[in-house]
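Asks: Got a structure for you, entry34.txt, holding compact mmCIF, C-alpha atoms.
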# COMPACT_ATOMS: atom_id res chain seq x y z
CA MET A 7 38.36 -65.30 3.34
CA GLN A 8 39.32 -62.85 6.02
CA PHE A 9 41.40 -59.74 5.44
CA PRO A 10 44.90 -60.35 6.89
CA GLN A 11 46.32 -58.82 10.04
CA LEU A 12 49.68 -57.18 10.65
CA ASP A 13 52.08 -58.47 13.31
CA THR A 14 50.41 -56.08 15.76
CA ALA A 15 47.10 -57.94 15.30
CA VAL A 16 45.42 -55.04 13.54
CA SER A 17 44.40 -54.79 9.91
CA VAL A 18 45.03 -51.12 9.18
CA GLN A 19 47.26 -48.22 10.20
CA TYR A 20 46.33 -44.65 11.16
CA SER A 21 46.82 -43.40 7.62
CA ALA A 22 43.67 -45.24 6.55
CA ALA A 23 40.59 -43.32 5.48
CA LYS A 24 36.96 -44.28 5.18
CA GLU A 25 34.54 -42.85 2.65
CA ARG A 26 30.90 -43.31 1.82
CA LYS A 27 29.73 -42.38 -1.61
CA VAL A 28 26.04 -41.53 -1.92
CA ARG A 29 24.38 -40.70 -5.20
CA HIS A 30 20.96 -39.08 -5.37
CA ARG A 31 18.81 -39.41 -8.44
CA ALA A 32 16.45 -36.53 -9.02
CA HIS A 33 13.16 -36.73 -10.86
CA HIS A 34 11.90 -33.43 -12.27
CA PHE A 35 8.22 -32.91 -12.96
CA LEU A 36 6.25 -30.28 -14.77
CA GLY A 37 5.45 -27.27 -12.60
CA ASP A 38 8.86 -27.28 -10.94
CA GLY A 39 8.06 -30.34 -8.92
CA ARG A 40 10.96 -32.63 -8.11
CA GLN A 41 11.67 -35.71 -6.09
CA SER A 42 14.92 -37.42 -5.31
CA HIS A 43 15.95 -40.84 -4.02
CA VAL A 44 19.25 -42.43 -3.07
CA GLU A 45 20.39 -44.64 -5.89
CA ALA A 46 22.46 -47.47 -4.57
CA THR A 47 22.54 -51.22 -4.56
CA SER A 48 25.69 -51.19 -2.44
CA SER A 49 26.45 -49.29 0.75
CA GLY A 50 29.06 -47.13 -1.01
CA LEU A 51 31.57 -47.68 1.80
CA ILE A 52 35.23 -47.53 0.80
CA TRP A 53 38.27 -47.92 3.03
CA ARG A 54 41.48 -46.45 1.61
CA LEU A 55 44.28 -48.35 3.33
CA ARG A 56 47.84 -47.05 3.37
CA TYR A 57 50.60 -48.83 5.24
CA GLU A 58 54.01 -47.48 6.24
CA SER A 59 57.06 -49.25 7.69
CA LEU A 60 55.78 -52.76 7.13
CA ASN A 61 58.22 -55.58 7.60
CA ASN A 62 58.85 -58.14 4.86
CA ALA A 63 56.45 -60.73 6.29
CA GLU A 64 53.59 -58.22 6.65
CA ALA A 65 54.12 -56.93 3.10
CA ASN A 66 54.15 -60.49 1.75
CA ARG A 67 50.98 -61.32 3.68
CA LEU A 68 49.09 -58.38 2.17
CA ARG A 69 50.37 -59.03 -1.33
CA HIS A 70 49.62 -62.74 -1.19
CA PHE A 71 46.10 -62.03 0.05
CA CYS A 72 45.37 -59.49 -2.68
CA GLU A 73 46.82 -61.58 -5.49
CA SER A 74 45.23 -64.84 -4.43
CA LEU A 75 41.73 -63.37 -4.62
CA HIS A 76 39.78 -64.42 -7.68
CA PHE A 77 38.54 -61.61 -9.88
CA GLY A 78 35.71 -59.92 -7.96
CA GLN A 79 35.98 -62.35 -5.03
CA THR A 80 34.59 -61.04 -1.77
CA PHE A 81 36.09 -61.37 1.70
CA ILE A 82 35.42 -60.47 5.31
CA PHE A 83 36.65 -57.07 6.48
CA ILE A 84 36.21 -55.56 9.93
CA ASP A 85 35.64 -51.80 9.91
CA PRO A 86 38.44 -50.45 12.13
CA TRP A 87 36.30 -47.41 13.00
CA THR A 88 33.31 -49.31 14.35
CA GLY A 89 34.38 -52.94 14.73
CA ASP A 90 31.46 -53.95 12.51
CA THR A 91 32.02 -56.99 10.32
CA PHE A 92 31.40 -56.60 6.60
CA ALA A 93 31.13 -60.06 5.09
CA ASN A 94 30.92 -59.03 1.47
CA CYS A 95 33.88 -56.77 0.66
CA ARG A 96 36.00 -56.56 -2.47
CA LEU A 97 39.44 -55.26 -3.37
CA ARG A 98 38.57 -52.03 -5.19
CA ASN A 99 39.69 -52.10 -8.83
CA SER A 100 41.41 -55.42 -7.95
CA ALA A 101 44.57 -53.34 -7.44
CA PHE A 102 47.45 -53.48 -4.96
CA ALA A 103 50.63 -51.38 -4.74
CA LEU A 104 53.83 -52.05 -2.82
CA GLU A 105 57.12 -50.23 -2.44
CA ALA A 106 60.18 -52.02 -1.08
CA GLY A 107 62.46 -49.36 0.38
CA ALA A 108 66.23 -49.27 0.46
CA SER A 109 66.20 -50.18 4.15
CA ARG A 110 63.89 -53.12 3.35
CA THR A 111 60.86 -51.58 4.96
CA TYR A 112 57.72 -51.60 2.90
CA ARG A 113 54.84 -49.30 2.02
CA ALA A 114 51.59 -50.67 0.68
CA GLN A 115 48.36 -49.25 -0.62
CA LEU A 116 44.98 -50.76 -1.46
CA GLU A 117 41.29 -49.99 -1.25
CA VAL A 118 38.49 -52.14 0.11
CA GLU A 119 34.85 -51.58 -0.87
CA ASP A 120 31.71 -53.00 0.61
CA ALA A 121 29.88 -54.88 -2.13
CA SER A 122 26.77 -55.77 -0.14
CA MET B 17 59.20 -76.38 -15.96
CA PRO B 18 62.27 -74.63 -17.39
CA VAL B 19 61.86 -72.64 -20.57
CA ASP B 20 64.45 -71.78 -23.16
CA PRO B 21 64.16 -68.01 -23.49
CA LEU B 22 65.76 -66.01 -26.22
CA LEU B 23 66.28 -63.06 -23.96
CA VAL B 24 66.86 -62.73 -20.21
CA PHE B 25 66.85 -59.63 -18.03
CA PRO B 26 70.51 -59.13 -17.05
CA ALA B 27 72.05 -59.77 -13.62
CA SER B 28 74.33 -57.31 -11.87
CA ASP B 29 77.96 -58.22 -11.18
CA ALA B 30 76.95 -59.42 -7.72
CA GLY B 31 74.06 -61.48 -9.09
CA PHE B 32 71.16 -59.20 -8.20
CA LEU B 33 68.33 -58.10 -10.46
CA ALA B 34 67.25 -54.85 -8.84
CA GLN B 35 68.47 -52.11 -6.58
CA PHE B 36 66.15 -50.88 -3.88
CA PRO B 37 63.73 -49.16 -3.75
CA VAL B 38 61.54 -51.28 -6.00
CA GLU B 39 57.95 -50.24 -6.68
CA TYR B 40 55.49 -52.98 -7.50
CA GLU B 41 51.84 -52.82 -8.55
CA SER B 42 49.41 -55.54 -9.47
CA GLN B 43 45.90 -55.49 -10.80
CA ARG B 44 43.58 -58.30 -11.76
CA ARG B 45 41.72 -57.51 -14.96
CA GLY B 46 39.00 -59.25 -16.85
CA PRO B 47 35.49 -58.99 -18.24
CA HIS B 48 33.15 -57.35 -15.74
CA ASN B 49 30.14 -55.10 -15.66
CA VAL B 50 29.39 -52.49 -13.01
CA PHE B 51 25.76 -51.45 -12.85
CA ARG B 52 24.40 -48.07 -11.88
CA GLY B 53 24.29 -48.12 -8.11
CA GLY B 54 27.49 -50.09 -7.61
CA ALA B 55 26.51 -53.72 -8.10
CA ALA B 56 28.92 -55.65 -10.30
CA ILE B 57 29.40 -58.99 -11.97
CA PHE B 58 32.80 -60.48 -12.78
CA SER B 59 34.17 -63.24 -14.97
CA PRO B 60 36.94 -64.78 -12.84
CA ALA B 61 37.81 -67.53 -15.33
CA GLU B 62 38.92 -65.02 -17.94
CA SER B 63 40.79 -62.65 -15.63
CA ARG B 64 44.53 -62.03 -15.69
CA LEU B 65 46.97 -60.53 -13.22
CA LYS B 66 48.90 -57.58 -14.55
CA SER B 67 52.13 -56.88 -12.63
CA ARG B 68 54.31 -53.82 -12.97
CA TRP B 69 57.79 -53.31 -11.52
CA ALA B 70 59.42 -49.86 -11.45
CA LEU B 71 63.15 -50.51 -11.22
CA SER B 72 65.59 -47.77 -10.33
CA PHE B 73 69.27 -48.51 -10.83
CA GLY B 74 71.51 -45.96 -9.15
CA HIS B 75 75.04 -47.31 -9.28
CA LEU B 76 75.65 -49.54 -12.27
CA SER B 77 79.25 -50.27 -13.17
CA ASN B 78 80.56 -49.88 -16.70
CA GLY B 79 80.22 -53.63 -17.27
CA GLU B 80 76.69 -53.70 -15.88
CA ARG B 81 75.76 -50.73 -18.06
CA ASP B 82 77.15 -52.47 -21.14
CA ARG B 83 75.16 -55.64 -20.40
CA MET B 84 72.01 -53.62 -19.79
CA GLU B 85 72.47 -51.66 -23.01
CA GLU B 86 72.90 -54.88 -24.94
CA PHE B 87 69.72 -56.26 -23.36
CA LEU B 88 67.75 -53.08 -24.08
CA ALA B 89 68.85 -53.14 -27.70
CA LEU B 90 67.72 -56.76 -28.07
CA ALA B 91 64.41 -56.09 -26.30
CA GLU B 92 63.66 -53.33 -28.83
CA GLY B 93 61.69 -51.21 -26.41
CA GLU B 94 58.27 -52.76 -25.92
CA GLY B 95 58.84 -55.09 -28.83
CA LYS B 96 60.14 -58.37 -27.45
CA SER B 97 59.35 -60.43 -24.40
CA PHE B 98 62.04 -61.67 -22.03
CA LEU B 99 62.55 -63.87 -18.99
CA PHE B 100 62.31 -61.84 -15.79
CA PHE B 101 62.50 -62.71 -12.10
CA ASP B 102 60.32 -60.94 -9.55
CA PRO B 103 62.88 -59.29 -7.24
CA LEU B 104 60.35 -59.43 -4.38
CA GLY B 105 58.99 -62.90 -5.04
CA ASN B 106 59.47 -66.61 -4.53
CA LEU B 107 60.76 -68.26 -7.70
CA LEU B 108 59.47 -71.74 -6.83
CA GLN B 109 56.07 -72.96 -8.01
CA HIS B 110 53.61 -74.61 -5.64
CA SER B 111 55.54 -73.81 -2.50
CA MET B 112 52.35 -74.53 -0.54
CA ASP B 113 51.86 -77.95 -2.13
CA LEU B 114 54.88 -80.25 -2.06
CA GLU B 115 52.64 -83.05 -3.34
CA ASN B 116 52.25 -81.22 -6.66
CA PRO B 117 53.98 -82.92 -9.64
CA VAL B 118 56.35 -79.94 -10.09
CA TRP B 119 58.10 -81.40 -7.03
CA VAL B 120 59.86 -84.50 -8.30
CA ARG B 121 60.63 -87.33 -5.88
CA SER B 122 63.58 -89.64 -6.10
CA GLY B 123 64.38 -92.70 -4.06
CA ALA B 124 61.74 -93.92 -1.63
CA VAL B 125 60.55 -90.48 -0.52
CA ASP B 126 56.93 -89.99 0.44
CA VAL B 127 55.23 -86.63 1.07
CA ALA B 128 52.21 -86.03 3.30
CA ALA B 129 50.51 -82.76 4.23
CA PHE B 130 50.70 -81.82 7.89
CA GLU B 131 49.51 -78.86 9.95
CA ASP B 132 52.29 -77.84 12.31
CA PRO B 133 51.60 -75.41 15.16
CA GLN B 134 54.88 -73.59 14.57
CA LEU B 135 55.48 -73.95 10.81
CA GLY B 136 51.84 -73.75 9.72
CA ALA B 137 51.00 -75.58 6.49
CA ALA B 138 53.80 -78.16 6.44
CA PHE B 139 54.67 -81.55 4.98
CA VAL B 140 56.17 -84.70 6.43
CA LEU B 141 58.90 -86.16 4.23
CA THR B 142 59.54 -89.84 4.79
CA ASN B 143 62.45 -91.68 3.26
CA SER B 144 61.83 -95.39 3.78
CA GLY B 145 64.68 -96.44 1.49
CA THR B 146 68.20 -97.51 2.27
CA GLY B 147 69.77 -94.68 0.28
CA TRP B 148 69.36 -90.91 0.30
CA GLY B 149 66.10 -89.65 -1.23
CA SER B 150 65.11 -86.22 -2.47
CA LEU B 151 62.30 -83.88 -3.37
CA GLU B 152 63.30 -81.39 -6.02
CA GLN B 153 62.09 -78.72 -8.44
CA THR B 154 63.83 -77.49 -11.58
CA ILE B 155 63.24 -73.94 -12.80
CA SER B 156 64.54 -71.53 -15.42
CA PHE B 157 66.94 -69.86 -13.03
CA GLY B 158 70.63 -69.16 -13.51
CA HIS B 159 71.82 -66.53 -15.97
CA GLY B 160 74.37 -65.05 -13.54
CA PHE B 161 71.92 -64.51 -10.68
CA LEU B 162 72.57 -65.18 -7.00
CA GLY B 163 69.89 -67.48 -5.59
CA CYS B 164 69.05 -68.22 -1.98
CA PHE B 165 67.09 -71.40 -1.25
CA SER B 166 65.51 -71.53 2.19
CA LEU B 167 63.25 -73.99 3.98
CA GLY B 168 61.60 -74.45 7.37
CA LEU B 169 62.75 -77.67 9.06
CA LYS B 170 61.61 -79.47 12.18
CA TRP B 171 61.99 -82.81 13.93
CA ASP B 172 62.27 -84.04 17.50
CA SER B 173 65.62 -85.75 17.13
CA PRO B 174 68.55 -84.89 14.84
CA VAL B 175 67.91 -85.89 11.23
CA GLN B 176 70.46 -85.61 8.43
CA VAL B 177 69.16 -83.28 5.72
CA ARG B 178 70.82 -81.58 2.76
CA LEU B 179 69.65 -78.48 0.94
CA ARG B 180 71.09 -78.24 -2.55
CA ILE B 181 71.09 -75.87 -5.51
CA ALA B 182 72.50 -77.59 -8.57
CA ASP B 183 73.01 -76.48 -12.17
CA ALA B 184 75.02 -77.55 -15.19
CA ASP B 185 78.07 -75.83 -13.74
CA GLY B 186 78.10 -77.53 -10.33
CA GLN B 187 76.24 -77.40 -7.05
CA SER B 188 76.11 -75.82 -3.61
CA GLU B 189 75.01 -77.90 -0.69
CA LEU B 190 74.20 -77.39 2.96
CA ALA B 191 74.28 -80.45 5.20
CA THR B 192 72.35 -79.84 8.36
CA SER B 193 70.86 -81.72 11.24
CA ALA B 194 67.29 -80.63 11.83
CA MET B 195 66.10 -80.52 15.39
CA GLU B 196 63.32 -78.41 16.80
CA SER B 197 62.15 -75.72 14.41
CA ARG B 198 64.37 -73.50 12.32
CA ARG B 199 64.88 -72.10 8.83
CA ALA B 200 67.89 -73.26 6.87
CA ALA B 201 69.23 -71.49 3.79
CA ILE B 202 71.86 -71.96 1.12
CA LYS B 203 72.96 -69.59 -1.65
CA ARG B 204 74.58 -70.07 -5.03
CA LYS B 205 75.61 -67.66 -7.76
CA ALA B 206 74.97 -69.20 -11.14
CA ALA B 207 77.27 -68.73 -14.09
CA ALA B 208 75.94 -66.50 -16.86
CA THR B 209 75.70 -69.51 -19.17
CA VAL B 210 73.49 -71.51 -16.79
CA ALA B 211 69.86 -71.69 -17.99
CA SER B 212 68.22 -73.83 -15.32
CA SER B 213 68.73 -74.81 -11.69
CA THR B 214 67.40 -77.57 -9.49
CA VAL B 215 66.71 -77.04 -5.81
CA SER B 216 66.39 -80.17 -3.73
CA ILE B 217 65.67 -81.32 -0.21
CA GLN B 218 67.60 -84.51 0.45
CA LEU B 219 66.85 -86.84 3.30
CA ALA B 220 68.97 -89.57 4.88
CA PRO B 221 67.89 -93.25 4.67
CA ASN B 222 65.09 -94.39 6.98
CA SER B 223 64.26 -90.99 8.37
CA GLN B 224 61.48 -88.44 8.55
CA ILE B 225 61.33 -84.68 8.77
CA ILE B 226 58.75 -81.89 8.73
CA VAL B 227 59.39 -79.20 6.12
CA ALA B 228 57.54 -76.02 5.21
CA ALA B 229 57.70 -72.81 3.21
CA PRO B 230 60.36 -73.56 0.56
CA GLN B 231 61.58 -70.44 -1.18
CA LEU B 232 64.10 -69.57 -3.86
CA GLU B 233 64.75 -65.87 -4.20
CA ILE B 234 67.33 -63.58 -5.69
CA GLY B 235 69.53 -62.44 -2.83
CA ALA B 236 72.34 -63.30 -0.48
CA GLN B 237 70.12 -64.26 2.43
CA ALA B 238 66.62 -65.54 3.05
CA SER B 239 63.82 -63.04 3.47
CA ALA B 240 60.25 -63.60 4.63
CA TYR B 241 58.43 -66.43 2.92
CA PHE B 242 56.05 -65.66 0.05
CA PRO B 243 53.61 -68.51 -0.71
CA THR B 244 53.14 -69.50 -4.35
CA GLY B 245 50.88 -71.68 -6.46
CA GLN B 246 51.04 -72.15 -10.20
CA ARG B 247 52.22 -68.54 -10.61
CA SER B 248 55.70 -67.98 -9.20
CA GLY B 249 58.26 -65.19 -9.38
CA VAL B 250 59.62 -66.58 -12.64
CA VAL B 251 58.01 -64.44 -15.35
CA GLU B 252 58.49 -66.14 -18.69
CA LYS B 253 57.05 -63.32 -20.77
CA ALA B 254 57.80 -59.87 -19.42
CA TYR B 255 57.90 -56.67 -21.44
CA LEU B 256 59.47 -53.27 -21.07
CA ARG B 257 56.85 -50.55 -20.89
CA GLN B 258 58.91 -47.84 -22.52
CA ASP B 259 60.28 -47.17 -25.94
CA SER B 260 62.96 -44.82 -24.70
CA TYR B 261 65.19 -44.61 -21.66
CA ARG B 262 67.77 -42.22 -20.32
CA TRP B 263 71.19 -42.99 -18.89
CA THR B 264 72.62 -40.58 -16.34
CA SER B 265 76.31 -41.05 -15.58
CA LEU B 266 77.39 -39.33 -12.37
CA ALA B 267 80.91 -40.76 -12.50
CA PRO B 268 82.71 -43.76 -13.97
CA HIS B 269 80.97 -46.88 -12.63
CA ALA B 270 78.02 -44.83 -11.38
CA HIS B 271 75.38 -45.03 -14.08
CA ARG B 272 71.71 -44.46 -13.40
CA LEU B 273 68.73 -45.90 -15.23
CA GLU B 274 65.03 -46.33 -14.56
CA LEU B 275 62.98 -49.06 -16.18
CA ILE B 276 59.36 -50.21 -16.12
CA VAL B 277 58.75 -53.94 -16.57
CA GLU B 278 55.28 -55.47 -16.93
CA SER B 279 53.77 -58.90 -17.20
CA ASP B 280 50.28 -60.20 -17.83
CA ARG B 281 49.61 -63.67 -16.43
CA SER B 282 46.68 -65.87 -15.49
Would you write the structure of this file as structure tokens?
Replies:
Amino acid sequence: MQFPQLDTAVSVQYSAAKERKVRHRAHHFLGDGRQSHVEATSSGLIWRLRYESLNNAEANRLRHFCESLHFGQTFIFIDPWTGDTFANCRLRNSAFALEAGASRTYRAQLEVEDAS
Amino acid sequence: MPVDPLLVFPASDAGFLAQFPVEYESQRRGPHNVFRGGAAIFSPAESRLKSRWALSFGHLSNGERDRMEEFLALAEGEGKSFLFFDPLGNLLQHSMDLENPVWVRSGAVDVAAFEDPQLGAAFVLTNSGTGWGSLEQTISFGHGFLGCFSLGLKWDSPVQVRLRIADADGQSELATSAMESRRAAIKRKAAATVASSTVSIQLAPNSQIIVAAPQLEIGAQASAYFPTGQRSGVVEKAYLRQDSYRWTSLAPHAHRLELIVESDRS
């Protein structure tokens, strides 16, 4: 599956943010010796996507995509910062949020994580 | 299939369920294990979709307030489940699969999947009989709500088609002549005593038409299409997520209330 696009043919808006979580694991030895290595089986990349002023069709497209994913199902996401394709992404916490405003414009929020 | 609920979330005088803004959240939950380092395994077969609607009513009339208070008393806080309709959703099941058995055929109507360049995932309806034929779905909708049934239609030459919403109290019907590609819609406000409604697409004898994206929603006019499968906007077991609530009355017929409704479905 491919992450959906908005009517403007892009997948995200400027309010998006990208994070990379890196965890080091330290090994302490007698005599004050220590070594550390990066502990990760995934890249730790997370894209926090926030959408403003979506129209009804765009909001429905995002919601339908998020809710039709099986639990833990991966999909293809293109990093809007680099254009790189990540073929093994997941909806973080399997969660999606939507607000339908009084003027029938929509705000949405979700997070994508690289599971590779 | 229609259910016979003991309790139904109340409709406003105009037949709406919610006032905007509406906040909606969903989260799929199930057995999973996340390992140190980020790798994870999931059990999709046992997962469930939890939905949460935050409803904010700003201008309820005295009558609407009375109906809501009666409903809240019967719901007993988080105690009892009730029938609820997703105010942002499509109330029809299997809107992407008109060959599914929830769509009942009558007469000599045949349904075949078709990919249309304008309508997308569509279906060709063929009525080879000498009388009108129909494709219809019956759902637990009524209860004083205003429903809008909409459908994408297309054919090269004019074809006689009817869109209908029918219930025990009567029916509303739109007779149209499909040509080229367009979306037709019809609305009907059900009586409070109505427990189920049937939406149908009716086709003239010996004719064909391409249809797509059927939707029944609460509202006076059609909004953007939301595709559905087995899970639709009809929530048979919803719960309030609060044991207490506060009414704020700014003036007569201007009562405010905020409610949280949740459901947990496969």
Asks: Give me, as a PyMOL selection string, all polymer residues having an atom no more than 7 Å from Phe98 in chain B, counting all atoms listed in the file and skipping those fewer than 2 positions away in the same chain.
Replies: chain B and resi 21+23-25+96+100+252-255
Asks: What are the residues of chain A lining chain B at 8 Å or less? Count all atoms listed in the file, and put the answer as a list in words.
Replies: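 That gives the following set of residues: Arg29, Glu45, Ala46, Thr47, Ser48, Gly50, Asn62, Ala63, Asn66, Arg67, His70, Glu73, His76, Phe77, Gly78, Asn99, Ser100, Ala101, Phe102, Ala103, Leu104, Glu105, Ala106, Gly107, Ala108, Arg110 and Ala121 of chain A.
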Asks: As an exercise, work out the distance from CA of Ile276 in chain B to CA of Arg257 in chain B in Å and give it to one decimal place.
Replies: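 CA of Arg257 in chain B lies 5.4 Å from CA of Ile276 in chain B.
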Asks: What separation in Å, quoted to one decimal, exists between CA of Thr209 in chain B and CA of Glu152 in chain B?
Replies: 21.6 Å
Asks: When you draw a straight line from CA of Ser21 in chain A to CA of Val118 in chain A, how long is it in Å?
Replies: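 Separation between CA of Ser21 in chain A and CA of Val118 in chain A: 14.2 Å.
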Asks: Excluding Ala129 in chain B and its own-chain neighbours fewer than 6 positions away, which residues fall within 8 Å of it when counting all atoms listed in the file? Please give them as a list of chain:residue names.
Replies: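 Final neighbour list, sorted by chain and number: B:Glu115, B:Ala137, B:Ala138, B:Phe139, B:Val140.
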Asks: May I have the protein, DNA and RNA residues with any atom at most 9 Å from the point (59.2, -48.9, -23.1), counting all atoms listed in the file, written as an mmCIF file with C-alpha atoms, keeping the file's coordinate frame?
Replies:
data_model
loop_
_atom_site.group_PDB
_atom_site.id
_atom_site.type_symbol
_atom_site.label_atom_id
_atom_site.label_comp_id
_atom_site.auth_asym_id
_atom_site.auth_seq_id
_atom_site.Cartn_x
_atom_site.Cartn_y
_atom_site.Cartn_z
ATOM 1 C CA GLU B 92 63.660 -53.330 -28.830
ATOM 2 C CA GLY B 93 61.690 -51.210 -26.410
ATOM 3 C CA GLU B 94 58.270 -52.760 -25.920
ATOM 4 C CA GLY B 95 58.840 -55.090 -28.830
ATOM 5 C CA TYR B 255 57.900 -56.670 -21.440
ATOM 6 C CA LEU B 256 59.470 -53.270 -21.070
ATOM 7 C CA ARG B 257 56.850 -50.550 -20.890
ATOM 8 C CA GLN B 258 58.910 -47.840 -22.520
ATOM 9 C CA ASP B 259 60.280 -47.170 -25.940
ATOM 10 C CA SER B 260 62.960 -44.820 -24.700
ATOM 11 C CA TYR B 261 65.190 -44.610 -21.660
ATOM 12 C CA LEU B 275 62.980 -49.060 -16.180
ATOM 13 C CA ILE B 276 59.360 -50.210 -16.120
ATOM 14 C CA VAL B 277 58.750 -53.940 -16.570
#
Asks: So that I can check the surroundings of range 158-175 of chain B, please list as an NGL selection string every protein, DNA and RNA residue that reaches within 7 Å of it, counting only C-alpha atoms and ignoring chain neighbours fewer than 3 positions away.
Replies: :B and (27 or 31-32 or 193-213 or 223 or 225-238)
Asks: Let me have the centre and edge lengths of the axis-aligned box enclosing all listed atoms of range 119-129 of chain B with 5 Å padding on every side, in Å to one decimal, as lines of an AutoDock Vina configuration file.
Replies:
center_x = 57.4
center_y = -87.7
center_z = -2.0
size_x = 23.9
size_y = 22.5
size_z = 22.5
Asks: With a distance cut-off of 10 Å and all atoms listed in the file, select the neighbouring residues of Trp119 in chain B, excluding the residue or stretch itself and same-chain residues fewer than 2 positions from it, and output the selection as number ranges by chain.
Replies: B: 108-111, 113-117, 121-122, 150-154, 215-216
